[in-house]
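Engineer: One file: entry-v4.txt (compact mmCIF, C-alpha atoms).
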```
# COMPACT_ATOMS: atom_id res chain seq x y z
CA MET A 69 -58.39 -97.66 -35.86
CA LYS A 70 -56.88 -101.11 -35.61
CA GLN A 71 -53.18 -100.94 -34.79
CA THR A 72 -50.55 -103.14 -36.44
CA ASN A 73 -46.96 -104.05 -35.74
CA ASN A 74 -44.68 -106.94 -36.40
CA PHE A 75 -45.54 -110.14 -34.58
CA PRO A 76 -43.74 -110.42 -31.19
CA ASP A 77 -42.61 -114.02 -31.59
CA VAL A 78 -41.77 -115.76 -28.28
CA THR A 79 -41.86 -119.32 -29.60
CA ALA A 80 -38.09 -119.72 -29.25
CA ALA A 81 -38.40 -118.97 -25.53
CA LEU A 82 -41.22 -121.51 -25.27
CA ALA A 83 -39.10 -124.19 -26.92
CA LYS A 84 -36.12 -123.38 -24.69
CA ASN A 85 -38.25 -123.71 -21.55
CA ARG A 86 -40.22 -126.72 -22.83
CA CYS A 87 -43.53 -124.91 -22.58
CA GLU A 88 -46.52 -124.87 -24.90
CA ALA A 89 -47.79 -121.35 -24.32
CA TYR A 90 -46.76 -118.00 -22.89
CA LEU A 91 -49.37 -116.37 -20.66
CA LEU A 92 -49.79 -112.77 -19.50
CA VAL A 93 -52.49 -111.42 -17.17
CA ALA A 94 -52.26 -107.65 -16.71
CA ASP A 95 -53.79 -104.35 -17.75
CA SER A 96 -52.21 -102.23 -20.46
CA SER A 97 -50.09 -100.25 -18.01
CA ASN A 98 -47.92 -103.35 -18.16
CA ALA A 99 -45.48 -102.57 -20.99
CA ASP A 100 -45.21 -106.20 -22.10
CA MET A 101 -48.98 -106.52 -22.36
CA TYR A 102 -49.33 -103.37 -24.43
CA PHE A 103 -46.39 -104.37 -26.62
CA ALA A 104 -47.97 -107.78 -27.27
CA THR A 105 -51.53 -106.62 -27.90
CA LYS A 106 -51.48 -102.89 -28.71
CA PHE A 107 -54.68 -102.70 -26.67
CA LEU A 108 -55.37 -100.09 -23.97
CA ALA A 109 -57.52 -101.28 -21.08
CA GLY A 110 -57.56 -100.25 -17.44
CA ASP A 111 -58.70 -103.68 -16.20
CA PRO A 112 -56.58 -106.84 -16.39
CA PHE A 113 -57.07 -109.15 -19.35
CA CYS A 114 -55.31 -112.23 -20.67
CA TYR A 115 -52.90 -112.73 -23.56
CA ILE A 116 -51.71 -116.15 -24.76
CA GLN A 117 -49.16 -117.04 -27.42
CA THR A 118 -48.95 -120.74 -28.24
CA ARG A 119 -45.93 -122.74 -29.36
CA ASN A 120 -47.26 -122.68 -32.93
CA ALA A 121 -47.30 -118.85 -32.84
CA ARG A 122 -51.03 -118.29 -32.38
CA ASP A 123 -52.12 -115.14 -30.56
CA ILE A 124 -55.21 -115.27 -28.35
CA MET A 125 -56.73 -112.61 -26.11
CA LEU A 126 -59.26 -113.43 -23.38
CA ILE A 127 -61.28 -110.35 -22.48
CA SER A 128 -64.54 -109.24 -20.94
CA ASP A 129 -67.59 -109.27 -23.20
CA MET A 130 -67.91 -105.51 -22.69
CA GLU A 131 -64.46 -104.93 -24.22
CA LYS A 132 -64.75 -107.48 -27.04
CA GLY A 133 -65.92 -105.05 -29.73
CA ARG A 134 -63.29 -102.45 -28.92
CA ALA A 135 -60.56 -105.10 -28.77
CA GLN A 136 -61.54 -106.35 -32.23
CA LYS A 137 -61.27 -102.81 -33.60
CA GLU A 138 -58.20 -101.56 -31.77
CA SER A 139 -55.89 -104.43 -30.80
CA ARG A 140 -53.52 -106.23 -33.14
CA ILE A 141 -54.91 -109.63 -32.03
CA GLU A 142 -57.14 -111.49 -34.49
CA GLU A 143 -58.46 -114.14 -32.10
CA ILE A 144 -60.51 -112.41 -29.39
CA VAL A 145 -62.25 -114.72 -26.90
CA PRO A 146 -64.91 -113.24 -24.58
CA LEU A 147 -65.28 -114.47 -21.01
CA SER A 148 -68.78 -115.72 -21.81
CA PHE A 149 -67.15 -118.39 -23.98
CA CYS A 150 -65.71 -119.85 -20.77
CA ASP A 151 -68.93 -119.56 -18.72
CA TYR A 152 -67.43 -116.96 -16.42
CA LYS A 153 -70.75 -115.98 -14.83
CA LYS A 154 -71.58 -119.58 -14.05
CA ARG A 155 -68.15 -120.17 -12.53
CA LEU A 156 -68.44 -116.99 -10.49
CA LYS A 157 -71.82 -118.08 -9.13
CA GLU A 158 -70.46 -121.49 -8.20
CA THR A 159 -67.22 -120.30 -6.59
CA ALA A 160 -68.22 -116.85 -5.27
CA ASP A 161 -64.59 -116.01 -6.03
CA PRO A 162 -63.86 -113.72 -9.03
CA GLY A 163 -60.16 -114.60 -9.01
CA ARG A 164 -60.80 -118.33 -9.09
CA ALA A 165 -63.52 -118.01 -11.72
CA TYR A 166 -61.18 -115.99 -13.92
CA GLY A 167 -58.31 -118.42 -13.43
CA GLU A 168 -60.57 -121.33 -14.36
CA CYS A 169 -61.58 -119.51 -17.55
CA ILE A 170 -57.92 -119.16 -18.49
CA GLY A 171 -57.42 -122.83 -17.72
CA GLN A 172 -60.35 -123.85 -19.92
CA LEU A 173 -58.94 -121.84 -22.82
CA LEU A 174 -55.50 -123.42 -22.36
CA GLN A 175 -57.05 -126.88 -22.26
CA LYS A 176 -58.86 -126.15 -25.51
CA GLU A 177 -55.46 -125.34 -27.05
CA GLY A 178 -53.95 -128.59 -25.76
CA VAL A 179 -51.61 -126.76 -23.39
CA ARG A 180 -50.38 -128.28 -20.13
CA HIS A 181 -47.04 -126.53 -19.57
CA VAL A 182 -47.33 -122.74 -19.35
CA ALA A 183 -44.58 -120.12 -19.27
CA VAL A 184 -45.37 -116.90 -17.42
CA PRO A 185 -43.37 -113.76 -16.52
CA ARG A 186 -41.82 -113.66 -13.07
CA ASP A 187 -44.32 -111.06 -11.86
CA PHE A 188 -47.33 -113.19 -12.84
CA PRO A 189 -50.28 -113.04 -10.37
CA VAL A 190 -49.68 -115.66 -7.66
CA TYR A 191 -53.30 -116.62 -7.12
CA THR A 192 -53.97 -117.14 -10.82
CA ALA A 193 -50.90 -119.38 -10.97
CA GLN A 194 -52.21 -121.34 -7.98
CA VAL A 195 -55.60 -121.90 -9.64
CA LEU A 196 -53.89 -123.13 -12.80
CA LYS A 197 -51.69 -125.52 -10.79
CA GLU A 198 -54.76 -126.92 -9.07
CA MET A 199 -56.22 -127.56 -12.53
CA GLY A 200 -53.16 -129.65 -13.42
CA PHE A 201 -51.04 -127.12 -15.30
CA THR A 202 -47.31 -126.68 -14.87
CA VAL A 203 -46.58 -122.96 -14.44
CA ASN A 204 -43.00 -121.98 -15.21
CA PRO A 205 -41.90 -118.39 -14.39
CA ILE A 206 -39.28 -117.22 -16.91
CA GLN A 207 -37.48 -114.02 -17.85
CA SER A 208 -39.84 -112.04 -20.06
CA PRO A 209 -39.13 -112.79 -23.74
CA LEU A 210 -41.26 -109.77 -24.65
CA ARG A 211 -39.05 -107.48 -22.61
CA LYS A 212 -36.08 -108.80 -24.56
CA LEU A 213 -37.83 -108.13 -27.88
CA ARG A 214 -38.63 -104.60 -26.75
CA GLU A 215 -34.91 -103.74 -26.58
CA VAL A 216 -34.67 -103.32 -30.36
CA LYS A 217 -37.05 -100.69 -31.72
CA GLU A 218 -38.60 -100.82 -35.14
CA LYS A 219 -38.89 -97.72 -37.33
CA GLY A 220 -42.43 -97.00 -36.21
CA GLU A 221 -41.44 -97.18 -32.56
CA VAL A 222 -38.45 -94.90 -33.17
CA ASN A 223 -40.74 -92.32 -34.75
CA LEU A 224 -43.09 -92.41 -31.75
CA ILE A 225 -40.18 -91.88 -29.37
CA ARG A 226 -38.92 -89.00 -31.54
CA GLN A 227 -42.36 -87.43 -31.17
CA VAL A 228 -42.22 -87.64 -27.38
CA GLN A 229 -38.65 -86.38 -27.25
CA GLN A 230 -39.59 -83.35 -29.33
CA ALA A 231 -42.32 -82.56 -26.82
CA ASN A 232 -39.74 -83.10 -24.09
CA GLU A 233 -37.40 -80.55 -25.64
CA GLU A 234 -40.17 -77.97 -25.86
CA ALA A 235 -40.97 -78.54 -22.19
CA MET A 236 -37.30 -78.20 -21.28
CA GLN A 237 -37.12 -74.97 -23.30
CA ALA A 238 -40.09 -73.57 -21.39
CA ALA A 239 -38.56 -74.52 -18.05
CA ILE A 240 -35.16 -73.05 -18.81
CA GLU A 241 -36.64 -69.84 -20.23
CA ALA A 242 -38.54 -69.37 -16.97
CA ILE A 243 -35.25 -69.70 -15.07
CA ARG A 244 -33.33 -67.55 -17.57
CA THR A 245 -35.80 -64.67 -17.32
CA ALA A 246 -36.24 -64.88 -13.55
CA GLU A 247 -35.17 -61.92 -11.45
CA ILE A 248 -32.68 -62.38 -8.63
CA ASP A 249 -33.48 -60.91 -5.23
CA ASP A 250 -31.54 -61.86 -2.10
CA ASN A 251 -30.11 -64.90 -3.95
CA LYS A 252 -33.62 -66.19 -4.75
CA LEU A 253 -35.39 -66.42 -8.11
CA PHE A 254 -38.63 -64.57 -8.86
CA LEU A 255 -40.72 -64.73 -12.02
CA GLU A 256 -43.34 -62.02 -12.61
CA ASP A 257 -42.89 -60.87 -9.00
CA GLN A 258 -43.73 -64.33 -7.64
CA PRO A 259 -41.28 -66.87 -6.18
CA LEU A 260 -40.03 -69.27 -8.82
CA THR A 261 -40.31 -72.61 -7.08
CA ALA A 262 -39.49 -76.15 -8.16
CA SER A 263 -43.22 -76.89 -8.19
CA ARG A 264 -43.93 -73.90 -10.41
CA VAL A 265 -41.31 -75.00 -12.95
CA ARG A 266 -42.77 -78.52 -12.87
CA ARG A 267 -46.18 -77.06 -13.69
CA ILE A 268 -44.69 -75.16 -16.64
CA ILE A 269 -43.21 -78.43 -17.86
CA GLU A 270 -46.42 -80.40 -17.33
CA TYR A 271 -48.63 -77.84 -19.12
CA CYS A 272 -46.30 -77.94 -22.13
CA LEU A 273 -46.31 -81.73 -22.21
CA LEU A 274 -50.11 -81.83 -22.01
CA ASP A 275 -50.27 -79.76 -25.19
CA HIS A 276 -48.51 -82.71 -26.88
CA ASP A 277 -50.71 -85.42 -25.30
CA CYS A 278 -47.90 -86.41 -22.95
CA ARG A 279 -47.91 -86.85 -19.19
CA ALA A 280 -45.05 -86.23 -16.79
CA HIS A 281 -43.82 -88.86 -14.36
CA GLY A 282 -41.98 -87.47 -11.33
CA THR A 283 -40.24 -84.60 -13.11
CA ILE A 284 -37.09 -83.51 -11.26
CA VAL A 285 -36.36 -79.83 -10.66
CA ALA A 286 -33.69 -80.06 -7.97
CA CYS A 287 -31.74 -77.03 -6.83
CA GLY A 288 -28.65 -76.63 -4.70
CA LYS A 289 -27.15 -79.18 -2.35
CA GLY A 290 -30.26 -81.37 -2.50
CA ALA A 291 -29.46 -82.10 -6.13
CA ALA A 292 -26.66 -84.34 -4.87
CA ASP A 293 -29.44 -86.93 -4.53
CA PRO A 294 -29.97 -87.99 -8.18
CA HIS A 295 -33.68 -88.79 -7.70
CA TRP A 296 -34.71 -85.93 -5.40
CA HIS A 297 -37.70 -84.28 -7.10
CA GLY A 298 -36.83 -80.86 -5.72
CA ASP A 299 -38.81 -78.51 -3.51
CA GLY A 300 -39.04 -74.88 -2.47
CA GLN A 301 -37.89 -71.67 -4.10
CA LEU A 302 -35.09 -71.92 -6.63
CA LEU A 303 -31.85 -70.16 -5.77
CA ALA A 304 -29.49 -68.06 -7.83
CA ASN A 305 -25.88 -69.16 -8.30
CA GLU A 306 -26.75 -72.80 -7.54
CA PRO A 307 -27.02 -75.79 -9.90
CA ILE A 308 -30.56 -76.72 -10.94
CA VAL A 309 -30.96 -80.25 -12.31
CA ILE A 310 -33.99 -80.62 -14.60
CA ASP A 311 -34.83 -84.21 -15.56
CA ILE A 312 -37.97 -84.76 -17.68
CA PHE A 313 -39.18 -88.24 -18.65
CA PRO A 314 -42.66 -88.02 -20.21
CA GLN A 315 -44.89 -90.73 -21.61
CA HIS A 316 -47.37 -90.28 -24.45
CA LYS A 317 -50.93 -90.77 -23.21
CA LEU A 318 -52.11 -92.65 -26.30
CA HIS A 319 -49.24 -94.78 -27.60
CA HIS A 320 -47.35 -95.01 -24.26
CA TYR A 321 -43.82 -94.53 -25.62
CA CYS A 322 -41.49 -92.42 -23.49
CA GLY A 323 -38.75 -89.84 -23.74
CA ASP A 324 -36.00 -88.77 -21.33
CA MET A 325 -33.53 -85.90 -21.03
CA THR A 326 -31.69 -83.91 -18.36
CA ARG A 327 -30.05 -80.52 -18.34
CA THR A 328 -28.33 -78.70 -15.48
CA VAL A 329 -28.35 -74.91 -15.37
CA THR A 330 -27.60 -72.10 -12.95
CA ARG A 331 -29.06 -68.59 -12.96
CA GLY A 332 -26.53 -65.92 -12.15
CA GLU A 333 -22.94 -66.92 -11.53
CA THR A 334 -21.17 -70.15 -10.71
CA THR A 335 -18.07 -71.18 -8.83
CA GLU A 336 -14.94 -72.61 -10.39
CA GLN A 337 -15.66 -75.85 -8.54
CA LEU A 338 -19.13 -76.24 -10.08
CA GLN A 339 -17.91 -75.22 -13.52
CA GLN A 340 -15.21 -77.90 -13.36
CA MET A 341 -17.82 -80.47 -12.37
CA TYR A 342 -20.03 -79.43 -15.28
CA ASP A 343 -17.10 -79.57 -17.71
CA ALA A 344 -16.20 -83.06 -16.46
CA VAL A 345 -19.76 -84.33 -16.90
CA LEU A 346 -19.94 -82.88 -20.41
CA ALA A 347 -16.57 -84.43 -21.33
CA ALA A 348 -17.64 -87.81 -19.95
CA GLN A 349 -20.87 -87.69 -21.92
CA GLU A 350 -19.04 -86.76 -25.14
CA LYS A 351 -16.59 -89.63 -24.57
CA ALA A 352 -19.44 -92.10 -24.16
CA LEU A 353 -21.33 -90.81 -27.19
CA GLY A 354 -18.25 -91.12 -29.36
CA MET A 355 -18.04 -94.85 -28.60
CA LEU A 356 -21.60 -95.79 -29.52
CA LYS A 357 -22.15 -98.30 -32.31
CA PRO A 358 -23.46 -101.87 -32.65
CA GLY A 359 -21.29 -104.44 -30.90
CA VAL A 360 -19.77 -102.08 -28.34
CA ALA A 361 -20.18 -103.47 -24.83
CA ALA A 362 -22.30 -101.39 -22.45
CA ASN A 363 -19.80 -101.87 -19.62
CA ASP A 364 -17.00 -100.47 -21.80
CA VAL A 365 -19.06 -97.30 -22.34
CA HIS A 366 -19.66 -97.04 -18.60
CA GLN A 367 -15.97 -97.62 -17.83
CA ALA A 368 -14.95 -94.90 -20.28
CA VAL A 369 -17.16 -92.45 -18.37
CA CYS A 370 -15.57 -93.56 -15.10
CA ASP A 371 -12.11 -93.09 -16.60
CA VAL A 372 -12.87 -89.47 -17.55
CA PHE A 373 -14.06 -88.71 -14.03
CA GLU A 374 -11.15 -90.46 -12.33
CA GLU A 375 -8.63 -88.65 -14.54
CA ARG A 376 -10.13 -85.37 -13.29
CA GLY A 377 -10.01 -86.42 -9.64
CA TYR A 378 -13.64 -87.44 -9.05
CA SER A 379 -14.65 -90.61 -7.26
CA THR A 380 -16.50 -93.37 -9.14
CA ASP A 381 -17.00 -95.59 -6.08
CA ALA A 382 -20.76 -95.58 -5.52
CA GLU A 383 -20.32 -96.90 -1.97
CA LYS A 384 -18.74 -93.59 -0.97
CA GLY A 385 -22.04 -91.84 -1.66
CA GLU A 386 -20.46 -89.04 -3.66
CA GLY A 387 -18.91 -88.49 -7.07
CA TYR A 388 -20.25 -90.69 -9.85
CA ILE A 389 -22.72 -93.02 -8.13
CA HIS A 390 -24.97 -94.50 -10.83
CA SER A 391 -24.83 -96.25 -14.17
CA THR A 392 -24.30 -94.38 -17.43
CA GLY A 393 -27.71 -95.03 -18.96
CA HIS A 394 -30.66 -97.27 -19.70
CA GLY A 395 -33.03 -98.22 -22.45
CA VAL A 396 -36.16 -96.16 -23.12
CA GLY A 397 -39.31 -97.34 -24.88
CA LEU A 398 -42.70 -98.26 -23.45
CA GLU A 399 -41.03 -97.79 -20.07
CA VAL A 400 -38.71 -94.96 -19.15
CA HIS A 401 -36.31 -97.49 -17.62
CA GLU A 402 -35.92 -100.69 -19.60
CA ALA A 403 -33.16 -102.83 -21.08
CA PRO A 404 -30.40 -102.52 -22.03
CA SER A 405 -28.60 -101.06 -19.03
CA ILE A 406 -25.44 -99.08 -19.69
CA GLY A 407 -23.58 -100.09 -16.57
CA LEU A 408 -21.47 -102.92 -15.21
CA ARG A 409 -22.84 -105.76 -17.36
CA GLU A 410 -21.18 -106.80 -20.62
CA ILE A 411 -24.13 -106.24 -22.94
CA PRO A 412 -23.38 -105.66 -26.64
CA LEU A 413 -25.30 -102.74 -28.09
CA GLN A 414 -27.54 -103.46 -31.08
CA ALA A 415 -28.86 -101.33 -33.91
CA GLY A 416 -32.33 -100.26 -32.83
CA ASN A 417 -31.49 -99.81 -29.15
CA ILE A 418 -32.65 -96.46 -27.79
CA ILE A 419 -30.64 -95.57 -24.71
CA THR A 420 -29.77 -92.66 -22.47
CA ILE A 421 -26.26 -91.41 -21.85
CA GLU A 422 -26.46 -89.55 -18.54
CA PRO A 423 -23.27 -89.16 -16.51
CA GLY A 424 -23.42 -87.05 -13.39
CA LEU A 425 -21.46 -85.90 -10.36
CA TYR A 426 -22.96 -85.53 -6.89
CA TYR A 427 -21.43 -84.03 -3.77
CA PRO A 428 -23.70 -83.40 -0.73
CA GLN A 429 -21.86 -80.21 0.29
CA ILE A 430 -21.93 -78.81 -3.27
CA GLY A 431 -24.87 -80.17 -5.24
CA GLY A 432 -25.33 -82.22 -8.36
CA ILE A 433 -24.63 -81.96 -12.09
CA ARG A 434 -26.19 -84.29 -14.69
CA LEU A 435 -26.54 -84.21 -18.47
CA GLU A 436 -28.68 -86.74 -20.33
CA ASP A 437 -29.26 -87.32 -24.04
CA LEU A 438 -31.46 -89.94 -25.68
CA VAL A 439 -29.75 -91.75 -28.56
CA LEU A 440 -30.60 -94.34 -31.19
CA ILE A 441 -27.98 -96.96 -32.03
CA THR A 442 -27.82 -97.13 -35.84
CA GLU A 443 -26.20 -99.62 -38.19
CA HIS A 444 -22.93 -97.67 -38.23
CA GLY A 445 -22.98 -95.54 -35.08
CA TYR A 446 -25.64 -93.52 -33.32
CA GLU A 447 -28.12 -90.71 -33.78
CA ASN A 448 -28.70 -88.26 -30.96
CA LEU A 449 -32.44 -87.69 -30.59
CA ASN A 450 -31.69 -84.48 -28.67
CA THR A 451 -30.88 -81.19 -30.31
CA PHE A 452 -31.28 -79.09 -27.17
CA GLU A 453 -28.35 -76.92 -26.12
CA LYS A 454 -26.12 -77.61 -23.13
CA GLU A 455 -25.62 -74.24 -21.49
CA PHE A 456 -24.77 -74.15 -17.81
CA VAL A 457 -24.76 -70.51 -16.75
CA LEU A 458 -27.86 -68.51 -17.72
```
The structure given in the file should be rewritten as structure tokens.

Structural biologist:
Amino acid sequence: MKQTNNFPDVTAALAKNRCEAYLLVADSSNADMYFATKFLAGDPFCYIQTRNARDIMLISDMEKGRAQKESRIEEIVPLSFCDYKKRLKETADPGRAYGECIGQLLQKEGVRHVAVPRDFPVYTAQVLKEMGFTVNPIQSPLRKLREVKEKGEVNLIRQVQQANEEAMQAAIEAIRTAEIDDNKLFLEDQPLTASRVRRIIEYCLLDHDCRAHGTIVACGKGAADPHWHGDGQLLANEPIVIDIFPQHKLHHYCGDMTRTVTRGETTEQLQQMYDAVLAAQEKALGMLKPGVAANDVHQAVCDVFEERGYSTDAEKGEGYIHSTGHGVGLEVHEAPSIGLREIPLQAGNIITIEPGLYYPQIGGIRLEDLVLITEHGYENLNTFEKEFVL
């Protein structure tokens, strides 16, 4: 089925940079390319938007029929139009032959000055320069457009987040029902390891056509490293940070959430850390609405921690050592960042709010919700409970 979405207009960026076309060369794992074309392909292809807002896709002849059916692009140009095979025979260089095909298509459109993203393939840029084009690397205008989600995108992210919550439920139930023996967790008489919990999560996500990316199940002192994936048998009476950030296998939109639990008992020190993280998150959530500056949200979180005696100096390597959140969409980490920069929030932003505390001799605590900024405030896309001691 052919997919549709509103036109991702980058003509203002072209005018600002005095360019006549915006050019992408990537496969559909590149979020900008998928956003622009709504076409899934494992091999690189070419997308062009001209200054008069025409969309063009240059693609292999083999993929032409599928692109016509599935992408949102009306003007599909096959490589045979540009004599790719002849160029390949003459140059014996696939990269040069492909670059020359792009150049021929740009020439046909009357383009001489081309804007490209900053991660554009170097060799392709070199071929275009040798053909007389000016190649200007700019900040991605598509990435900027992706910050504000339309209703259809919001619904796709809701779908992934619902799958995420079911996976989190399965993981936490495994921990909740585990038996404790010699301070270690066992499920059905077998050690309950971080890897085993990850498998439980991944199987659940697969049932919803989602894939996991680096799921974190980090127990004990190692959880003081926010991005440690976790390893070994899970322990009783220790914090277990579970961070799940799946991506849908078909439409590529992502979800993200974190919960921290402990099976058995906890110490007063850990409970105070958990209470501080929860209070900081609630403070941040209460501020969310269009126009609020991201750095003010981050500072409010820091204020809560500092009032309770926790460090917010990342250089110390303990306490609160990361930003408060990030955008989520076709990538699990995208703009806007909820950190030190003064970025006004907009209706349609989907962001995480994920304060945490990390002490190498104690462990880590993190809570993360995924929220939509609405016209008058926010909507929390999470409904999952926040229960520390199981």

Engineer: Which is closer to Leu356 of chain A than all the others in A:Val439, A:Phe373, A:Asp343, A:Lys289, using all atoms listed in the file?

Structural biologist: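 Checking each of A:Val439, A:Phe373, A:Asp343, A:Lys289 against Leu356 of chain A, counting all atoms listed in the file, the winner is A:Val439.
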
Engineer: Rounded to one decimal in Å, what is the spacing between atom CA of Asn223 of chain A and atom CA of Asn448 of chain A?

Structural biologist: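 Interatomic distance, atom CA of Asn223 of chain A to atom CA of Asn448 of chain A: 13.3 Å.
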
Engineer: Once you count only C-alpha atoms, which residues end up no further than 10 Å from (-12.9, -83.7, -13.9) in the file's frame, shown as a list in words?

Structural biologist: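 Neighbouring residues, ordered by chain and number, come to Gln337, Gln339, Gln340, Met341, Tyr342, Asp343, Ala344, Val345, Leu346, Ala347, Ala348, Asp371, Val372, Phe373, Glu374, Glu375, Arg376, Gly377, Tyr378, Ser379 and Leu425 of chain A.
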
Engineer: Which residues of segment 197-273 of chain A have any atom within 9 Å of an atom in segment 160-180 of chain A when counting only C-alpha atoms, and what is the closest pair of atoms for each, with the distance in Å to one decimal? Order the rows by chain and rising number and write it as a tab-separated table.

Structural biologist:
```
residue	atom	partner	partner_atom	distance
A:Met199	CA	A:Gly171	CA	7.1
A:Gly200	CA	A:Arg180	CA	7.4
A:Phe201	CA	A:Arg180	CA	5.0
A:Thr202	CA	A:Arg180	CA	6.3
A:Val203	CA	A:Arg180	CA	8.7
```

Engineer: Any idea what's packed within 8 Å of Asp111 of chain A, counting all atoms listed in the file, ignoring anything in its chain fewer than 2 positions away? Could you give it as a list in words?

Structural biologist: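 The residues satisfying every condition are Ala94, Asp95, Ser96, Ala109 and Phe113 of chain A.
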
Engineer: Might you pull out every residue within 8 Å of Ser405 of chain A, with all atoms listed in the file counted and same-chain residues fewer than 4 positions away left off, and present them as a PyMOL selection string?

Structural biologist: chain A and resi 362+391+393-395+409+411

Engineer: Do you know which residues are at most 10 Å from segment 117-119 of chain A counting only C-alpha atoms, after dropping those on the same chain fewer than 5 positions away, and could you put them as a ChimeraX atom specification?

Structural biologist: /A:76-83,86-92,104,124-125,174,177-179,182-183

Engineer: May I have the selected residues written with C-alpha atoms, as an mmCIF file, in the coordinates of the input?

Structural biologist:
```cif
data_model
loop_
_atom_site.group_PDB
_atom_site.id
_atom_site.type_symbol
_atom_site.label_atom_id
_atom_site.label_comp_id
_atom_site.auth_asym_id
_atom_site.auth_seq_id
_atom_site.Cartn_x
_atom_site.Cartn_y
_atom_site.Cartn_z
ATOM 1 C CA PRO A 76 -43.740 -110.420 -31.190
ATOM 2 C CA ASP A 77 -42.610 -114.020 -31.590
ATOM 3 C CA VAL A 78 -41.770 -115.760 -28.280
ATOM 4 C CA THR A 79 -41.860 -119.320 -29.600
ATOM 5 C CA ALA A 80 -38.090 -119.720 -29.250
ATOM 6 C CA ALA A 81 -38.400 -118.970 -25.530
ATOM 7 C CA LEU A 82 -41.220 -121.510 -25.270
ATOM 8 C CA ALA A 83 -39.100 -124.190 -26.920
ATOM 9 C CA ARG A 86 -40.220 -126.720 -22.830
ATOM 10 C CA CYS A 87 -43.530 -124.910 -22.580
ATOM 11 C CA GLU A 88 -46.520 -124.870 -24.900
ATOM 12 C CA ALA A 89 -47.790 -121.350 -24.320
ATOM 13 C CA TYR A 90 -46.760 -118.000 -22.890
ATOM 14 C CA LEU A 91 -49.370 -116.370 -20.660
ATOM 15 C CA LEU A 92 -49.790 -112.770 -19.500
ATOM 16 C CA ALA A 104 -47.970 -107.780 -27.270
ATOM 17 C CA ILE A 124 -55.210 -115.270 -28.350
ATOM 18 C CA MET A 125 -56.730 -112.610 -26.110
ATOM 19 C CA LEU A 174 -55.500 -123.420 -22.360
ATOM 20 C CA GLU A 177 -55.460 -125.340 -27.050
ATOM 21 C CA GLY A 178 -53.950 -128.590 -25.760
ATOM 22 C CA VAL A 179 -51.610 -126.760 -23.390
ATOM 23 C CA VAL A 182 -47.330 -122.740 -19.350
ATOM 24 C CA ALA A 183 -44.580 -120.120 -19.270
#
```

Engineer: Near Val396 of chain A, within 12 Å and counting all atoms listed in the file, which residues show up once chain neighbours fewer than 6 positions away are dropped, as a JSON list (two decimals) with C-alpha atoms, in the coordinates of the input?

Structural biologist:
```
[["chain", "number", "residue", "atom", "x", "y", "z"],
["A", 99, "ALA", "CA", -45.48, -102.57, -20.99],
["A", 211, "ARG", "CA", -39.05, -107.48, -22.61],
["A", 214, "ARG", "CA", -38.63, -104.60, -26.75],
["A", 215, "GLU", "CA", -34.91, -103.74, -26.58],
["A", 216, "VAL", "CA", -34.67, -103.32, -30.36],
["A", 217, "LYS", "CA", -37.05, -100.69, -31.72],
["A", 221, "GLU", "CA", -41.44, -97.18, -32.56],
["A", 222, "VAL", "CA", -38.45, -94.90, -33.17],
["A", 224, "LEU", "CA", -43.09, -92.41, -31.75],
["A", 225, "ILE", "CA", -40.18, -91.88, -29.37],
["A", 226, "ARG", "CA", -38.92, -89.00, -31.54],
["A", 228, "VAL", "CA", -42.22, -87.64, -27.38],
["A", 229, "GLN", "CA", -38.65, -86.38, -27.25],
["A", 313, "PHE", "CA", -39.18, -88.24, -18.65],
["A", 314, "PRO", "CA", -42.66, -88.02, -20.21],
["A", 315, "GLN", "CA", -44.89, -90.73, -21.61],
["A", 320, "HIS", "CA", -47.35, -95.01, -24.26],
["A", 321, "TYR", "CA", -43.82, -94.53, -25.62],
["A", 322, "CYS", "CA", -41.49, -92.42, -23.49],
["A", 323, "GLY", "CA", -38.75, -89.84, -23.74],
["A", 324, "ASP", "CA", -36.00, -88.77, -21.33],
["A", 325, "MET", "CA", -33.53, -85.90, -21.03],
["A", 402, "GLU", "CA", -35.92, -100.69, -19.60],
["A", 403, "ALA", "CA", -33.16, -102.83, -21.08],
["A", 404, "PRO", "CA", -30.40, -102.52, -22.03],
["A", 405, "SER", "CA", -28.60, -101.06, -19.03],
["A", 406, "ILE", "CA", -25.44, -99.08, -19.69],
["A", 416, "GLY", "CA", -32.33, -100.26, -32.83],
["A", 417, "ASN", "CA", -31.49, -99.81, -29.15],
["A", 418, "ILE", "CA", -32.65, -96.46, -27.79],
["A", 419, "ILE", "CA", -30.64, -95.57, -24.71],
["A", 420, "THR", "CA", -29.77, -92.66, -22.47],
["A", 421, "ILE", "CA", -26.26, -91.41, -21.85],
["A", 437, "ASP", "CA", -29.26, -87.32, -24.04],
["A", 438, "LEU", "CA", -31.46, -89.94, -25.68],
["A", 439, "VAL", "CA", -29.75, -91.75, -28.56],
["A", 440, "LEU", "CA", -30.60, -94.34, -31.19],
["A", 449, "LEU", "CA", -32.44, -87.69, -30.59]]
```

Engineer: Could you check the closest approach to Pro205 of chain A for each of A:Leu338, A:Val190, A:Ala382, A:Val369 and tell me which residue wins, using all atoms listed in the file?

Structural biologist: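 Using all atoms listed in the file, the shortest distance to Pro205 of chain A belongs to A:Val190.
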
Engineer: Between A:Glu306, A:Ala235, A:Glu131, A:Asp293, single out the one closest to Leu274 of chain A, counting only C-alpha atoms.

Structural biologist: A:Ala235

Engineer: Work out how far apart atom CA of Leu273 of chain A and atom CA of Glu256 of chain A are and give it in Å to one decimal.

Structural biologist: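 Separation between atom CA of Leu273 of chain A and atom CA of Glu256 of chain A: 22.1 Å.
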
Engineer: Quote the spacing between atom CA of Leu126 of chain A and atom CA of Thr159 of chain A in Å to one decimal place.

Structural biologist: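 So the two atoms, atom CA of Leu126 of chain A and atom CA of Thr159 of chain A, lie 19.8 Å apart.
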